file final-v3.csv (CSV, C-alpha atoms)
chain,number,residue,atom,x,y,z
A,10,MET,CA,19.0,-105.7,18.3
A,11,TYR,CA,15.4,-104.5,17.7
A,12,LYS,CA,15.2,-100.7,17.1
A,13,VAL,CA,12.6,-98.9,19.2
A,14,VAL,CA,11.1,-95.4,18.9
A,15,ILE,CA,9.1,-94.0,21.8
A,16,ILE,CA,6.6,-91.2,21.1
A,17,GLU,CA,5.0,-89.7,24.3
A,18,ASP,CA,4.0,-86.1,25.1
A,19,GLU,CA,4.3,-86.5,28.9
A,20,GLU,CA,8.0,-86.1,29.5
A,21,MET,CA,8.1,-88.0,32.7
A,22,ILE,CA,6.5,-91.1,31.1
A,23,ARG,CA,8.7,-90.8,28.0
A,24,LYS,CA,11.9,-90.5,30.0
A,25,GLY,CA,10.8,-93.3,32.2
A,26,LEU,CA,10.3,-95.6,29.2
A,27,VAL,CA,13.6,-94.5,27.7
A,28,TYR,CA,15.8,-94.9,30.8
A,29,SER,CA,14.1,-97.2,33.3
A,30,ILE,CA,13.6,-100.2,30.9
A,31,PRO,CA,16.7,-102.5,30.5
A,32,TRP,CA,16.4,-102.4,26.8
A,33,THR,CA,19.8,-104.1,26.1
A,34,ASP,CA,18.8,-107.0,28.3
A,35,ILE,CA,15.7,-107.7,26.2
A,36,GLY,CA,17.6,-107.3,22.9
A,37,CYS,CA,16.4,-103.8,22.1
A,38,THR,CA,17.8,-100.3,21.7
A,39,VAL,CA,15.9,-97.0,21.7
A,40,VAL,CA,17.0,-95.1,18.6
A,41,GLY,CA,14.6,-92.2,18.8
A,42,GLN,CA,11.9,-90.4,20.8
A,43,GLY,CA,9.4,-87.6,20.2
A,44,ARG,CA,6.7,-85.5,22.0
A,45,ASN,CA,3.9,-85.7,19.4
A,46,GLY,CA,2.7,-87.4,16.3
A,47,LEU,CA,4.5,-85.1,13.9
A,48,GLU,CA,7.8,-85.7,15.6
A,49,GLY,CA,6.9,-89.4,15.6
A,50,ILE,CA,6.6,-89.4,11.9
A,51,GLU,CA,10.0,-87.8,11.6
A,52,GLN,CA,11.6,-90.3,13.9
A,53,ILE,CA,10.0,-93.3,12.1
A,54,ARG,CA,11.2,-92.0,8.7
A,55,LEU,CA,14.6,-91.3,10.1
A,56,HIS,CA,15.2,-94.6,12.0
A,57,GLN,CA,12.8,-97.1,10.4
A,58,PRO,CA,12.3,-98.8,13.7
A,59,ASP,CA,11.2,-102.4,14.4
A,60,ILE,CA,8.9,-101.3,17.3
A,61,VAL,CA,7.1,-98.0,18.0
A,62,ILE,CA,5.6,-97.3,21.4
A,63,ALA,CA,3.3,-94.3,21.2
A,64,ASP,CA,0.7,-92.5,23.3
A,65,ILE,CA,-2.7,-92.3,21.6
A,66,ASN,CA,-3.6,-88.7,22.7
A,67,MET,CA,-0.9,-86.2,21.7
A,68,PRO,CA,-0.8,-82.6,20.5
A,69,LEU,CA,-0.5,-81.8,16.8
A,70,LEU,CA,-1.1,-85.4,15.7
A,71,SER,CA,-2.5,-88.3,17.6
A,72,GLY,CA,-0.8,-91.7,17.9
A,73,THR,CA,-3.4,-93.4,15.7
A,74,ASP,CA,-3.1,-90.8,13.0
A,75,MET,CA,0.7,-91.2,13.1
A,76,LEU,CA,0.2,-94.9,12.6
A,77,ARG,CA,-2.2,-94.3,9.7
A,78,GLN,CA,0.5,-92.2,7.9
A,79,THR,CA,3.5,-94.5,8.5
A,80,HIS,CA,2.6,-98.1,9.4
A,81,ALA,CA,1.9,-99.3,5.9
A,82,ASP,CA,5.2,-97.9,4.5
A,83,TYR,CA,7.5,-98.8,7.4
A,84,GLY,CA,6.0,-102.0,8.7
A,85,TYR,CA,6.9,-101.7,12.4
A,86,SER,CA,5.1,-103.3,15.4
A,87,ALA,CA,3.1,-100.7,17.2
A,88,ILE,CA,2.2,-100.6,20.9
A,89,ILE,CA,-0.3,-97.9,21.9
A,90,LEU,CA,-0.4,-96.4,25.4
A,91,SER,CA,-3.6,-94.7,26.6
A,92,GLY,CA,-5.3,-93.3,29.6
A,93,TYR,CA,-8.7,-94.2,28.0
A,94,SER,CA,-10.3,-97.6,28.5
A,95,SER,CA,-12.8,-97.0,25.7
A,96,PHE,CA,-13.4,-99.9,23.4
A,97,GLU,CA,-13.7,-97.5,20.5
A,98,TYR,CA,-10.2,-96.2,21.1
A,99,ALA,CA,-8.7,-99.7,21.4
A,100,GLN,CA,-10.6,-100.8,18.2
A,101,ASP,CA,-9.3,-97.8,16.3
A,102,ALA,CA,-5.7,-98.4,17.4
A,103,MET,CA,-5.9,-102.1,16.3
A,104,ALA,CA,-7.4,-101.0,13.0
A,105,CYS,CA,-4.3,-98.8,12.5
A,106,GLY,CA,-1.9,-101.7,13.0
A,107,ALA,CA,-1.3,-101.7,16.8
A,108,ILE,CA,-0.6,-105.1,18.3
A,109,ARG,CA,-1.3,-104.0,21.9
A,110,TYR,CA,-3.4,-101.3,23.6
A,111,LEU,CA,-2.0,-100.7,27.1
A,112,LEU,CA,-3.6,-98.6,29.7
A,113,LYS,CA,-1.9,-96.1,31.9
A,114,PRO,CA,-0.5,-96.3,34.5
A,115,LEU,CA,1.5,-98.9,32.8
A,116,LYS,CA,2.1,-102.3,34.4
A,117,ARG,CA,5.7,-103.3,33.8
A,118,GLU,CA,4.8,-106.9,33.0
A,119,ASP,CA,2.2,-105.9,30.5
A,120,LEU,CA,4.7,-103.7,28.7
A,121,PHE,CA,7.3,-106.5,28.6
A,122,ASP,CA,4.7,-108.9,27.3
A,123,ALA,CA,3.8,-106.5,24.6
A,124,ILE,CA,7.5,-105.9,23.6
A,125,GLU,CA,8.0,-109.7,23.4
A,126,GLU,CA,5.0,-110.0,21.1
A,127,ALA,CA,6.3,-107.1,19.0
A,128,LYS,CA,9.7,-108.8,18.7
A,129,GLU,CA,8.1,-112.1,17.6
A,130,GLN,CA,6.1,-110.2,15.0
A,131,CYS,CA,9.3,-108.5,13.8
A,132,ASP,CA,11.0,-111.9,13.5
A,133,ILE,CA,8.2,-113.0,11.2
A,134,ARG,CA,8.6,-109.9,9.1
A,135,ARG,CA,12.3,-110.5,8.9
A,136,THR,CA,11.9,-114.1,7.9
A,137,TRP,CA,9.3,-113.2,5.3
A,138,PHE,CA,11.5,-110.5,3.9
A,139,ALA,CA,14.5,-112.8,3.7
A,140,HIS,CA,12.4,-115.4,1.9
A,141,ARG,CA,11.0,-112.8,-0.4
A,142,GLN,CA,14.4,-111.4,-1.2
A,143,SER,CA,15.7,-114.9,-1.9
A,144,GLN,CA,12.7,-115.6,-4.1
A,145,GLU,CA,13.4,-112.4,-6.1
A,146,GLN,CA,17.0,-113.4,-6.6
A,147,TRP,CA,16.1,-116.8,-7.8
A,148,ARG,CA,13.4,-115.5,-10.1
A,149,SER,CA,15.8,-112.9,-11.6
A,150,PHE,CA,18.5,-115.5,-12.2
A,151,HIS,CA,19.0,-116.5,-15.8
A,152,ILE,CA,21.4,-118.6,-17.9
A,153,GLU,CA,23.7,-116.6,-20.1
A,154,LEU,CA,22.8,-117.2,-23.7
A,155,GLN,CA,24.6,-114.3,-25.3
A,156,PRO,CA,28.1,-114.4,-26.9
A,157,PRO,CA,31.0,-112.8,-24.9
A,158,SER,CA,30.9,-109.7,-27.1
A,159,GLY,CA,27.1,-109.4,-26.5
A,160,VAL,CA,26.4,-109.2,-30.2
A,161,VAL,CA,26.2,-112.0,-32.8
A,162,THR,CA,28.0,-110.8,-35.9
A,163,ASP,CA,28.3,-114.2,-37.8
A,164,ARG,CA,25.3,-114.8,-40.1
A,165,VAL,CA,25.7,-118.6,-40.0
A,166,VAL,CA,25.9,-118.6,-36.2
A,167,GLN,CA,22.7,-116.5,-36.1
A,168,SER,CA,21.0,-119.0,-38.3
A,169,MET,CA,22.1,-121.8,-35.8
A,170,LEU,CA,20.7,-119.8,-32.9
A,171,ASP,CA,17.4,-119.3,-34.8
A,172,TYR,CA,17.3,-123.0,-35.5
A,173,ALA,CA,17.8,-123.8,-31.8
A,174,GLN,CA,15.0,-121.4,-30.8
A,175,ALA,CA,12.6,-122.9,-33.3
A,176,ASN,CA,13.4,-126.5,-32.6
A,177,TYR,CA,14.6,-126.9,-29.0
A,178,GLN,CA,11.5,-129.0,-28.2
A,179,GLU,CA,12.5,-131.5,-30.8
A,180,LYS,CA,15.5,-133.9,-31.1
A,181,VAL,CA,18.3,-131.6,-32.3
A,182,THR,CA,21.7,-132.7,-33.4
A,183,LEU,CA,24.6,-131.1,-35.3
A,184,GLN,CA,23.7,-133.4,-38.2
A,185,SER,CA,20.1,-132.0,-38.3
A,186,VAL,CA,21.5,-128.4,-38.1
A,187,SER,CA,24.0,-129.3,-40.9
A,188,GLU,CA,21.2,-130.6,-43.1
A,189,ALA,CA,18.9,-127.7,-42.4
A,190,LEU,CA,21.6,-125.0,-43.1
A,191,ASN,CA,23.5,-126.9,-45.7
A,192,TYR,CA,26.9,-126.4,-44.1
A,193,SER,CA,29.4,-129.1,-42.9
A,194,ILE,CA,29.4,-130.1,-39.2
A,195,ALA,CA,33.0,-129.1,-38.9
A,196,PHE,CA,32.4,-125.6,-40.3
A,197,LEU,CA,29.3,-125.1,-38.0
A,198,ASN,CA,31.3,-126.3,-35.0
A,199,LYS,CA,34.2,-124.0,-35.6
A,200,SER,CA,32.0,-120.9,-36.4
A,201,PHE,CA,29.8,-121.4,-33.4
A,202,LYS,CA,32.6,-121.9,-30.9
A,203,LYS,CA,34.5,-118.9,-32.2
A,204,GLN,CA,31.4,-116.6,-31.9
A,205,MET,CA,29.7,-118.0,-28.8
A,206,GLY,CA,32.6,-119.3,-26.8
A,207,THR,CA,31.0,-122.6,-26.4
A,208,THR,CA,29.7,-125.6,-28.4
A,209,PHE,CA,26.3,-125.7,-30.1
A,210,ILE,CA,25.2,-128.7,-27.9
A,211,GLU,CA,26.2,-126.9,-24.7
A,212,TYR,CA,24.3,-123.8,-25.9
A,213,LEU,CA,21.2,-126.0,-26.7
A,214,ASN,CA,21.3,-127.5,-23.2
A,215,ARG,CA,21.5,-124.0,-21.6
A,216,LEU,CA,18.6,-122.8,-23.8
A,217,ARG,CA,16.4,-125.8,-22.8
A,218,ILE,CA,17.1,-125.3,-19.1
A,219,GLN,CA,16.3,-121.6,-19.4
A,220,LYS,CA,13.0,-122.5,-21.1
A,221,ALA,CA,12.4,-125.0,-18.2
A,222,MET,CA,13.1,-122.2,-15.7
A,223,ASP,CA,10.6,-119.9,-17.4
A,224,MET,CA,7.9,-122.6,-17.2
A,225,LEU,CA,8.7,-123.3,-13.6
A,226,LYS,CA,8.3,-119.6,-12.8
A,227,GLU,CA,4.9,-119.6,-14.4
A,228,GLY,CA,3.9,-122.6,-12.3
A,229,ASN,CA,1.3,-123.8,-14.8
A,230,THR,CA,3.0,-126.9,-16.1
A,231,PRO,CA,3.5,-130.2,-14.2
A,232,LEU,CA,7.2,-131.0,-13.6
A,233,GLN,CA,6.9,-134.3,-15.6
A,234,ASP,CA,5.7,-132.4,-18.6
A,235,ILE,CA,8.3,-129.7,-18.5
A,236,SER,CA,11.1,-132.1,-19.3
A,237,TRP,CA,9.4,-133.0,-22.6
A,238,LYS,CA,8.3,-129.4,-23.4
A,239,CYS,CA,11.9,-128.2,-23.1
A,240,GLY,CA,13.2,-130.9,-25.3
A,241,ILE,CA,15.1,-133.1,-22.9
A,242,GLY,CA,12.5,-135.8,-22.5
A,243,ASP,CA,13.6,-138.3,-19.9
A,244,TYR,CA,12.7,-136.8,-16.5
A,245,LYS,CA,15.6,-138.4,-14.6
A,246,TYR,CA,18.1,-137.0,-17.2
A,247,PHE,CA,16.3,-133.7,-17.1
A,248,ASN,CA,16.9,-133.6,-13.3
A,249,ILE,CA,20.6,-134.2,-13.8
A,250,VAL,CA,21.0,-131.6,-16.5
A,251,PHE,CA,18.9,-129.0,-14.6
A,252,LYS,CA,21.0,-129.5,-11.4
A,253,LYS,CA,24.2,-129.2,-13.4
A,254,TYR,CA,23.3,-125.7,-14.5
A,255,ILE,CA,21.2,-124.4,-11.6
A,256,GLY,CA,22.6,-126.2,-8.6
A,257,CYS,CA,19.3,-127.6,-7.4
A,258,SER,CA,16.6,-129.9,-8.7
A,259,PRO,CA,13.6,-128.6,-10.8
A,260,LYS,CA,11.3,-129.3,-7.8
A,261,GLU,CA,13.6,-127.4,-5.4
A,262,TYR,CA,13.8,-124.5,-7.9
A,263,ALA,CA,10.0,-124.4,-8.3
A,264,ALA,CA,9.6,-124.2,-4.5
A,265,LYS,CA,12.2,-121.3,-4.4
A,266,VAL,CA,10.4,-119.2,-7.0
A,267,ASN,CA,6.8,-120.0,-6.2
A,268,CYS,CA,6.6,-120.6,-2.5
A,269,TRP,CA,5.4,-117.0,-1.8
A,270,LEU,CA,3.0,-116.8,-4.8
A,271,GLU,CA,0.4,-119.1,-3.4
call {"tool": "encode", "arguments": {"input": "final-v3.csv", "output": "structure tokens"}}
result
Amino acid sequence: MYKVVIIEDEEMIRKGLVYSIPWTDIGCTVVGQGRNGLEGIEQIRLHQPDIVIADINMPLLSGTDMLRQTHADYGYSAIILSGYSSFEYAQDAMACGAIRYLLKPLKREDLFDAIEEAKEQCDIRRTWFAHRQSQEQWRSFHIELQPPSGVVTDRVVQSMLDYAQANYQEKVTLQSVSEALNYSIAFLNKSFKKQMGTTFIEYLNRLRIQKAMDMLKEGNTPLQDISWKCGIGDYKYFNIVFKKYIGCSPKEYAAKVNCWLE
């Protein structure tokens, strides 16, 4: 259902709009009504409607001034009613965000056409918002790289983490870590698993994929180059590893996080 607010100072017209239109049949419901622009602002803030139908000339505050104070914040579709055929009035209404400027006495078919256009515009906003929300969720997603306790207390494990951060773009093995830190592979394996709850190689893969995600969010590096820059190398294998951790391919992820940034 699309939420509708009706603001009209002439009671007969306002009541006619509220009660003579088969709102449910056209997928709408009237959630609020008011007699002037100030009451309109209150109703818009209270109900956050999808569609606002308002007279242009009202006491205390005009319909266009009401739009100026609320349209940007609440993003509804506005239909302005007026007894004036002046081009300047219509131009001003459109500049304030109105999608239609309808002359009184209202023609039923013109009002229904305007409502359908308002609903279509609302659908576009809802789709945009859903995509935007989805994008924000994808962009905020990250791979967990912290130990279960949240704090690294083992000095050797911290050295292993530092080594991974400094060398993830290169070929890294437990043998290379062992040689760099001068500890046995068995000792490093045991210490890392105890502190981090996973193996060093598993952690390294997670780190590399997180780095790849960061590059994909920035959108400045070609996909083929990202696989090398994050240390995995072969693009086909990079796709496999990325999908294992993220649930989609790098290309799909890039589209999810960047499609609304263009």
call {"tool": "residues_around", "arguments": {"input": "final-v3.csv", "residues": "Asp234 of chain A", "least_positions_apart": "3", "cutoff": "12 Å", "atoms": "only C-alpha atoms", "output": "count of residues only"}}
result
18
call {"tool": "residues_around", "arguments": {"input": "final-v3.csv", "residues": "Ala189 of chain A", "least_positions_apart": "6", "cutoff": "12 Å", "atoms": "only C-alpha atoms", "output": "MDAnalysis selection string"}}
result
chainID A and resid 165 168:169 171:173 176 181:183 197
call {"tool": "atom_distance", "arguments": {"input": "final-v3.csv", "atom1": "atom CA of Ile89 of chain A", "atom2": "atom CA of Ile30 of chain A"}}
result
16.7 Å
call {"tool": "atom_distance", "arguments": {"input": "final-v3.csv", "atom1": "atom CA of Ile235 of chain A", "atom2": "atom CA of Asn267 of chain A"}}
result
15.7 Å
call {"tool": "closest_residue", "arguments": {"input": "final-v3.csv", "among": "A:Gln42, A:Arg117, A:Gln155, A:Asp223", "to": "Lys24 of chain A", "atoms": "only C-alpha atoms"}}
result
A:Gln42
call {"tool": "residues_around", "arguments": {"input": "final-v3.csv", "residues": "Glu97 of chain A", "least_positions_apart": "6", "cutoff": "12 Å", "atoms": "only C-alpha atoms", "output": "number ranges by chain"}}
result
A: 103-104, 110
call {"tool": "residues_around", "arguments": {"input": "final-v3.csv", "residues": "segment 118-129 of chain A", "least_positions_apart": "2", "cutoff": "9 Å", "atoms": "only C-alpha atoms", "output": "number ranges by chain"}}
result
A: 11, 35, 59-60, 85-88, 108-111, 115-116, 131-134
call {"tool": "closest_residue", "arguments": {"input": "final-v3.csv", "among": "A:Pro68, A:Gly25, A:Pro156, A:Pro31", "to": "Asn45 of chain A", "atoms": "only C-alpha atoms"}}
result
A:Pro68
call {"tool": "closest_residue", "arguments": {"input": "final-v3.csv", "among": "A:Met205, A:Ile218, A:Ile194, A:Met10", "to": "Thr162 of chain A", "atoms": "all atoms listed in the file"}}
result
A:Met205
call {"tool": "atom_distance", "arguments": {"input": "final-v3.csv", "atom1": "atom CA of Ile152 of chain A", "atom2": "atom CA of Tyr254 of chain A"}}
result
8.1 Å
call {"tool": "residues_around", "arguments": {"input": "final-v3.csv", "residues": "segment 207-212 of chain A", "least_positions_apart": "3", "cutoff": "8 Å", "atoms": "all atoms listed in the file", "output": "list in words"}}
result
Leu154, Thr182, Leu183, Asn198, Phe201, Lys202, Lys203, Arg215 and Leu216 of chain A
call {"tool": "closest_residue", "arguments": {"input": "final-v3.csv", "among": "A:Gln146, A:Ser236, A:Ser193, A:Thr136", "to": "Glu179 of chain A", "atoms": "all atoms listed in the file"}}
result
A:Ser236
call {"tool": "residues_near_point", "arguments": {"input": "final-v3.csv", "point": "(18.9, -100.8, 18.0)", "cutoff": "8 Å", "atoms": "all atoms listed in the file", "output": "list of chain:residue names"}}
result
A:Met10, A:Tyr11, A:Lys12, A:Val13, A:Cys37, A:Thr38, A:Val39, A:Val40
call {"tool": "closest_residue", "arguments": {"input": "final-v3.csv", "among": "A:Ile50, A:Ile22, A:Val27, A:Val166", "to": "Asp64 of chain A", "atoms": "all atoms listed in the file"}}
result
A:Ile22
call {"tool": "residues_near_point", "arguments": {"input": "final-v3.csv", "point": "(7.0, -88.5, 15.7)", "cutoff": "12 Å", "atoms": "all atoms listed in the file", "output": "ChimeraX atom specification"}}
result
/A:14-18,41-58,61-65,67-76,78-79
call {"tool": "closest_residue", "arguments": {"input": "final-v3.csv", "among": "A:Gln130, A:Ser95, A:Gln174, A:Ser143", "to": "Lys220 of chain A", "atoms": "all atoms listed in the file"}}
result
A:Gln174
call {"tool": "decode", "arguments": {"input": "final-v3.csv", "residues": "segment 144-178 of chain A", "atoms": "N, CA and C atoms", "output": "tab-separated table (two decimals), in the first residue's frame"}}
result
chain	number	residue	atom	x	y	z
A	144	GLN	N	23.81	-2.30	-1.16
A	144	GLN	CA	25.18	-1.89	-1.42
A	144	GLN	C	25.91	-1.57	-0.13
A	145	GLU	N	25.23	-0.85	0.76
A	145	GLU	CA	25.84	-0.50	2.05
A	145	GLU	C	26.18	-1.75	2.85
A	146	GLN	N	25.30	-2.74	2.81
A	146	GLN	CA	25.55	-3.98	3.53
A	146	GLN	C	26.76	-4.71	2.96
A	147	TRP	N	26.85	-4.74	1.62
A	147	TRP	CA	28.00	-5.40	0.99
A	147	TRP	C	29.29	-4.65	1.28
A	148	ARG	N	29.22	-3.32	1.26
A	148	ARG	CA	30.44	-2.54	1.48
A	148	ARG	C	30.91	-2.60	2.93
A	149	SER	N	29.98	-2.81	3.86
A	149	SER	CA	30.36	-2.89	5.27
A	149	SER	C	30.79	-4.30	5.69
A	150	PHE	N	30.55	-5.28	4.82
A	150	PHE	CA	30.93	-6.65	5.15
A	150	PHE	C	32.45	-6.79	5.14
A	151	HIS	N	32.99	-7.48	6.11
A	151	HIS	CA	34.42	-7.75	6.13
A	151	HIS	C	34.69	-9.13	6.69
A	152	ILE	N	35.82	-9.67	6.34
A	152	ILE	CA	36.23	-10.98	6.81
A	152	ILE	C	36.87	-10.84	8.19
A	153	GLU	N	36.47	-11.70	9.10
A	153	GLU	CA	37.01	-11.64	10.46
A	153	GLU	C	38.48	-12.07	10.47
A	154	LEU	N	39.34	-11.15	10.92
A	154	LEU	CA	40.77	-11.43	10.99
A	154	LEU	C	41.30	-11.37	12.42
A	155	GLN	N	40.41	-11.15	13.37
A	155	GLN	CA	40.83	-11.06	14.76
A	155	GLN	C	40.68	-12.43	15.46
A	156	PRO	N	41.46	-12.66	16.51
A	156	PRO	CA	41.31	-13.92	17.27
A	156	PRO	C	39.99	-13.94	18.01
A	157	PRO	N	39.50	-15.10	18.41
A	157	PRO	CA	38.22	-15.20	19.14
A	157	PRO	C	38.17	-14.28	20.36
A	158	SER	N	39.30	-14.10	21.03
A	158	SER	CA	39.33	-13.24	22.23
A	158	SER	C	39.33	-11.76	21.88
A	159	GLY	N	39.63	-11.45	20.61
A	159	GLY	CA	39.70	-10.06	20.18
A	159	GLY	C	41.05	-9.42	20.39
A	160	VAL	N	41.94	-10.09	21.13
A	160	VAL	CA	43.26	-9.53	21.43
A	160	VAL	C	44.33	-10.60	21.21
A	161	VAL	N	45.41	-10.23	20.53
A	161	VAL	CA	46.54	-11.13	20.34
A	161	VAL	C	47.50	-10.96	21.51
A	162	THR	N	47.69	-12.00	22.26
A	162	THR	CA	48.55	-11.93	23.45
A	162	THR	C	49.88	-12.64	23.25
A	163	ASP	N	49.96	-13.50	22.23
A	163	ASP	CA	51.17	-14.27	21.98
A	163	ASP	C	52.10	-13.46	21.08
A	164	ARG	N	53.31	-13.20	21.57
A	164	ARG	CA	54.27	-12.39	20.83
A	164	ARG	C	54.67	-13.04	19.51
A	165	VAL	N	54.82	-14.34	19.51
A	165	VAL	CA	55.20	-15.06	18.28
A	165	VAL	C	54.08	-14.97	17.25
A	166	VAL	N	52.86	-15.17	17.70
A	166	VAL	CA	51.72	-15.08	16.78
A	166	VAL	C	51.61	-13.67	16.20
A	167	GLN	N	51.84	-12.65	17.02
A	167	GLN	CA	51.81	-11.29	16.51
A	167	GLN	C	52.86	-11.08	15.44
A	168	SER	N	54.03	-11.69	15.62
A	168	SER	CA	55.08	-11.61	14.60
A	168	SER	C	54.64	-12.28	13.31
A	169	MET	N	53.91	-13.38	13.43
A	169	MET	CA	53.39	-14.07	12.25
A	169	MET	C	52.36	-13.21	11.52
A	170	LEU	N	51.52	-12.54	12.29
A	170	LEU	CA	50.52	-11.65	11.69
A	170	LEU	C	51.20	-10.47	10.98
A	171	ASP	N	52.22	-9.93	11.62
A	171	ASP	CA	52.96	-8.82	11.00
A	171	ASP	C	53.63	-9.28	9.72
A	172	TYR	N	54.15	-10.48	9.73
A	172	TYR	CA	54.80	-11.02	8.54
A	172	TYR	C	53.78	-11.17	7.40
A	173	ALA	N	52.59	-11.67	7.74
A	173	ALA	CA	51.55	-11.84	6.73
A	173	ALA	C	51.15	-10.49	6.14
A	174	GLN	N	50.98	-9.47	6.99
A	174	GLN	CA	50.61	-8.14	6.51
A	174	GLN	C	51.67	-7.55	5.59
A	175	ALA	N	52.91	-7.80	5.91
A	175	ALA	CA	54.01	-7.21	5.14
A	175	ALA	C	54.30	-7.97	3.84
A	176	ASN	N	53.89	-9.24	3.78
A	176	ASN	CA	54.31	-10.06	2.65
A	176	ASN	C	53.17	-10.77	1.91
A	177	TYR	N	51.91	-10.41	2.18
A	177	TYR	CA	50.79	-11.14	1.59
A	177	TYR	C	50.79	-11.10	0.06
A	178	GLN	N	51.43	-10.07	-0.53
A	178	GLN	CA	51.49	-9.99	-1.98
A	178	GLN	C	52.50	-10.96	-2.59
